[in-house]
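K.L.:
Below is one structure. I have some questions about it.
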Amino acid sequence: MANWQPTIGIDELAESIKAILDKEQITNCTIIGHSMGGYIMLAMAEKYPSLFNSLVLFHSSAFADTEEKKQARLKSIDFIKKNGTLSFIKSTTPGLFGSSFTTNHPEAINKLIGSGENFVEEVLIQYYMAMINRRDRIDILVNFTRPVLFIIGENDKAIPLDVSLKQCYQPVISHVFILKNSAHMGMWEENDKANKILSDFLQTVNG
């Protein structure tokens, strides 16, 4: 572990998704990018803009990490190295949800924590380094001529509301929805509403 260095960044992860699409012979699509998934999606849109008929940023951002955010991620890496992935997931997962969901649905949060029990430490650290090192991709939103959907959690601490709103006016065509009872996990916190937003948007862009 001491000599291990992360080698995969957001661009490499984007290429892995592109390889899957190529394998499936998908040449035009919408990708819904949640959180880090949005960072990967934007890297794909930068290199392969004609692949997308629309983009969806779900609790995600085109902005690069601020210095404060980078330092917070580095502290997380130190915690993972000292305490392991499961301890890290246990300590951070509840904070991705709003207080109401955390109180009323502890079983759902415990299930999510359990799903990360076998997460490899080196891989998790690599993901964090990839997020730290990613570049600002607001220009991708500015230059993208097809629809972009933003789904924002009003109580999101990972991608705060004010940060999300700053990017919404950048695309030529923006669709913006704020989940008022969600933090960073709207697909769990307001599942029915989030699914309705996505379904309506996909029907619109697909004619």
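All residue names refer to the structure tokens as shown: chains lettered A, B, ... in order, residues numbered from 1 in each chain, ligands numbered from 1 in order.
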Write out as a count of residues only the residues lying within 12 Å of A:Glu12, counting only C-alpha atoms and excluding same-chain residues fewer than 4 positions away.
P.N.:
17
K.L.:
Check stretch 67-205 of chain A with DSSP on the backbone and list each residue it calls alpha helix (DSSP H), as a PyMOL selection string.
P.N.:
chain A and resi 67-83+85-92+99-104+106-115+121-133+138-143+161-168+186-189+191-205
K.L.:
Export C-alpha atoms of the chosen residues as a PDB file, in the first residue's frame?
P.N.:
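Printed below is selection_29.pdb as written:
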```pdb
ATOM      1  CA  GLU A  67      -9.122  23.805  -2.860  1.00  0.00           C
ATOM      2  CA  GLU A  68     -11.301  23.312   0.211  1.00  0.00           C
ATOM      3  CA  LYS A  69     -13.015  20.330  -1.404  1.00  0.00           C
ATOM      4  CA  LYS A  70      -9.673  18.840  -2.450  1.00  0.00           C
ATOM      5  CA  GLN A  71      -8.400  19.071   1.115  1.00  0.00           C
ATOM      6  CA  ALA A  72     -11.564  17.391   2.390  1.00  0.00           C
ATOM      7  CA  ARG A  73     -11.074  14.530  -0.091  1.00  0.00           C
ATOM      8  CA  LEU A  74      -7.430  14.146   0.981  1.00  0.00           C
ATOM      9  CA  LYS A  75      -8.568  13.877   4.593  1.00  0.00           C
ATOM     10  CA  SER A  76     -10.994  11.187   3.495  1.00  0.00           C
ATOM     11  CA  ILE A  77      -8.139   9.291   1.858  1.00  0.00           C
ATOM     12  CA  ASP A  78      -6.138   9.483   5.096  1.00  0.00           C
ATOM     13  CA  PHE A  79      -9.154   8.162   7.009  1.00  0.00           C
ATOM     14  CA  ILE A  80      -9.542   5.245   4.568  1.00  0.00           C
ATOM     15  CA  LYS A  81      -5.857   4.332   4.895  1.00  0.00           C
ATOM     16  CA  LYS A  82      -6.042   4.392   8.698  1.00  0.00           C
ATOM     17  CA  ASN A  83      -9.466   2.834   9.265  1.00  0.00           C
ATOM     18  CA  THR A  85     -13.215   1.273   3.630  1.00  0.00           C
ATOM     19  CA  LEU A  86     -16.063  -0.099   5.734  1.00  0.00           C
ATOM     20  CA  SER A  87     -15.416   2.335   8.590  1.00  0.00           C
ATOM     21  CA  PHE A  88     -15.277   5.161   6.050  1.00  0.00           C
ATOM     22  CA  ILE A  89     -18.527   4.116   4.377  1.00  0.00           C
ATOM     23  CA  LYS A  90     -20.248   3.781   7.764  1.00  0.00           C
ATOM     24  CA  SER A  91     -19.122   7.260   8.793  1.00  0.00           C
ATOM     25  CA  THR A  92     -19.984   9.077   5.549  1.00  0.00           C
ATOM     26  CA  SER A  99     -32.027  14.174   8.268  1.00  0.00           C
ATOM     27  CA  SER A 100     -35.649  13.117   7.738  1.00  0.00           C
ATOM     28  CA  PHE A 101     -34.723  10.150   5.539  1.00  0.00           C
ATOM     29  CA  THR A 102     -31.924   9.142   7.909  1.00  0.00           C
ATOM     30  CA  THR A 103     -34.343   9.096  10.834  1.00  0.00           C
ATOM     31  CA  ASN A 104     -37.211   7.350   9.060  1.00  0.00           C
ATOM     32  CA  PRO A 106     -32.303   3.507   8.839  1.00  0.00           C
ATOM     33  CA  GLU A 107     -32.752   0.091   7.204  1.00  0.00           C
ATOM     34  CA  ALA A 108     -32.227   1.567   3.738  1.00  0.00           C
ATOM     35  CA  ILE A 109     -29.032   3.300   4.818  1.00  0.00           C
ATOM     36  CA  ASN A 110     -27.745   0.144   6.503  1.00  0.00           C
ATOM     37  CA  LYS A 111     -28.452  -1.791   3.311  1.00  0.00           C
ATOM     38  CA  LEU A 112     -26.457   0.748   1.303  1.00  0.00           C
ATOM     39  CA  ILE A 113     -23.576   0.559   3.778  1.00  0.00           C
ATOM     40  CA  GLY A 114     -23.631  -3.224   3.559  1.00  0.00           C
ATOM     41  CA  SER A 115     -23.375  -3.105  -0.224  1.00  0.00           C
ATOM     42  CA  GLU A 121      -9.411   0.229  -0.425  1.00  0.00           C
ATOM     43  CA  GLU A 122      -7.071   1.011  -3.319  1.00  0.00           C
ATOM     44  CA  VAL A 123      -9.979   1.450  -5.721  1.00  0.00           C
ATOM     45  CA  LEU A 124     -11.828   3.838  -3.416  1.00  0.00           C
ATOM     46  CA  ILE A 125      -8.685   5.921  -2.961  1.00  0.00           C
ATOM     47  CA  GLN A 126      -8.179   5.917  -6.717  1.00  0.00           C
ATOM     48  CA  TYR A 127     -11.706   7.256  -7.223  1.00  0.00           C
ATOM     49  CA  TYR A 128     -11.047  10.062  -4.761  1.00  0.00           C
ATOM     50  CA  MET A 129      -7.800  10.998  -6.487  1.00  0.00           C
ATOM     51  CA  ALA A 130      -9.589  10.987  -9.842  1.00  0.00           C
ATOM     52  CA  MET A 131     -12.140  13.464  -8.504  1.00  0.00           C
ATOM     53  CA  ILE A 132      -9.439  15.679  -7.015  1.00  0.00           C
ATOM     54  CA  ASN A 133      -7.499  15.794 -10.279  1.00  0.00           C
ATOM     55  CA  ILE A 138     -18.221  24.093 -17.552  1.00  0.00           C
ATOM     56  CA  ASP A 139     -17.167  24.722 -21.163  1.00  0.00           C
ATOM     57  CA  ILE A 140     -18.704  21.372 -22.096  1.00  0.00           C
ATOM     58  CA  LEU A 141     -22.079  22.579 -20.846  1.00  0.00           C
ATOM     59  CA  VAL A 142     -21.682  25.909 -22.630  1.00  0.00           C
ATOM     60  CA  ASN A 143     -20.915  24.269 -25.967  1.00  0.00           C
ATOM     61  CA  LEU A 161     -27.624  24.129  -4.043  1.00  0.00           C
ATOM     62  CA  ASP A 162     -25.855  27.414  -4.846  1.00  0.00           C
ATOM     63  CA  VAL A 163     -23.099  25.572  -6.718  1.00  0.00           C
ATOM     64  CA  SER A 164     -25.620  23.576  -8.727  1.00  0.00           C
ATOM     65  CA  LEU A 165     -27.621  26.650  -9.684  1.00  0.00           C
ATOM     66  CA  LYS A 166     -24.536  28.437 -11.034  1.00  0.00           C
ATOM     67  CA  GLN A 167     -24.153  25.846 -13.780  1.00  0.00           C
ATOM     68  CA  CYS A 168     -27.809  25.607 -14.806  1.00  0.00           C
ATOM     69  CA  GLY A 186     -32.660  11.748  -4.504  1.00  0.00           C
ATOM     70  CA  MET A 187     -33.070   8.375  -6.219  1.00  0.00           C
ATOM     71  CA  TRP A 188     -33.677   6.989  -2.713  1.00  0.00           C
ATOM     72  CA  GLU A 189     -35.072  10.000  -0.860  1.00  0.00           C
ATOM     73  CA  ASN A 191     -37.665   7.914  -5.706  1.00  0.00           C
ATOM     74  CA  ASP A 192     -41.068   8.350  -7.345  1.00  0.00           C
ATOM     75  CA  LYS A 193     -40.537  12.033  -8.087  1.00  0.00           C
ATOM     76  CA  ALA A 194     -37.018  11.507  -9.428  1.00  0.00           C
ATOM     77  CA  ASN A 195     -38.188   8.677 -11.683  1.00  0.00           C
ATOM     78  CA  LYS A 196     -41.047  10.828 -12.999  1.00  0.00           C
ATOM     79  CA  ILE A 197     -38.650  13.676 -13.800  1.00  0.00           C
ATOM     80  CA  LEU A 198     -36.310  11.319 -15.642  1.00  0.00           C
ATOM     81  CA  SER A 199     -39.120   9.556 -17.494  1.00  0.00           C
ATOM     82  CA  ASP A 200     -40.696  12.818 -18.676  1.00  0.00           C
ATOM     83  CA  PHE A 201     -37.342  14.196 -19.783  1.00  0.00           C
ATOM     84  CA  LEU A 202     -36.375  11.074 -21.714  1.00  0.00           C
ATOM     85  CA  GLN A 203     -39.741  11.016 -23.456  1.00  0.00           C
ATOM     86  CA  THR A 204     -39.275  14.663 -24.429  1.00  0.00           C
ATOM     87  CA  VAL A 205     -35.767  14.301 -25.867  1.00  0.00           C
TER      88      VAL A 205
END
```
K.L.:
What's the separation between atom CA of A:Gly95 and atom CA of A:Met185, in Å to one decimal place?
P.N.:
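Interatomic distance here is 10.0 Å.
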K.L.:
Find the residues around A:His59 up to 6 Å (only C-alpha atoms counted), leave out those fewer than 3 positions away in its own chain, and share them as a PDB file with C-alpha atoms, in the first residue's frame.
P.N.:
```pdb
ATOM      1  CA  HIS A  34     -25.024  10.794 -10.534  1.00  0.00           C
ATOM      2  CA  SER A  35     -22.277  12.543  -8.543  1.00  0.00           C
ATOM      3  CA  ILE A 152     -30.624  19.079  -7.645  1.00  0.00           C
ATOM      4  CA  HIS A 184     -27.367  13.819  -2.355  1.00  0.00           C
TER       5      HIS A 184
END
```
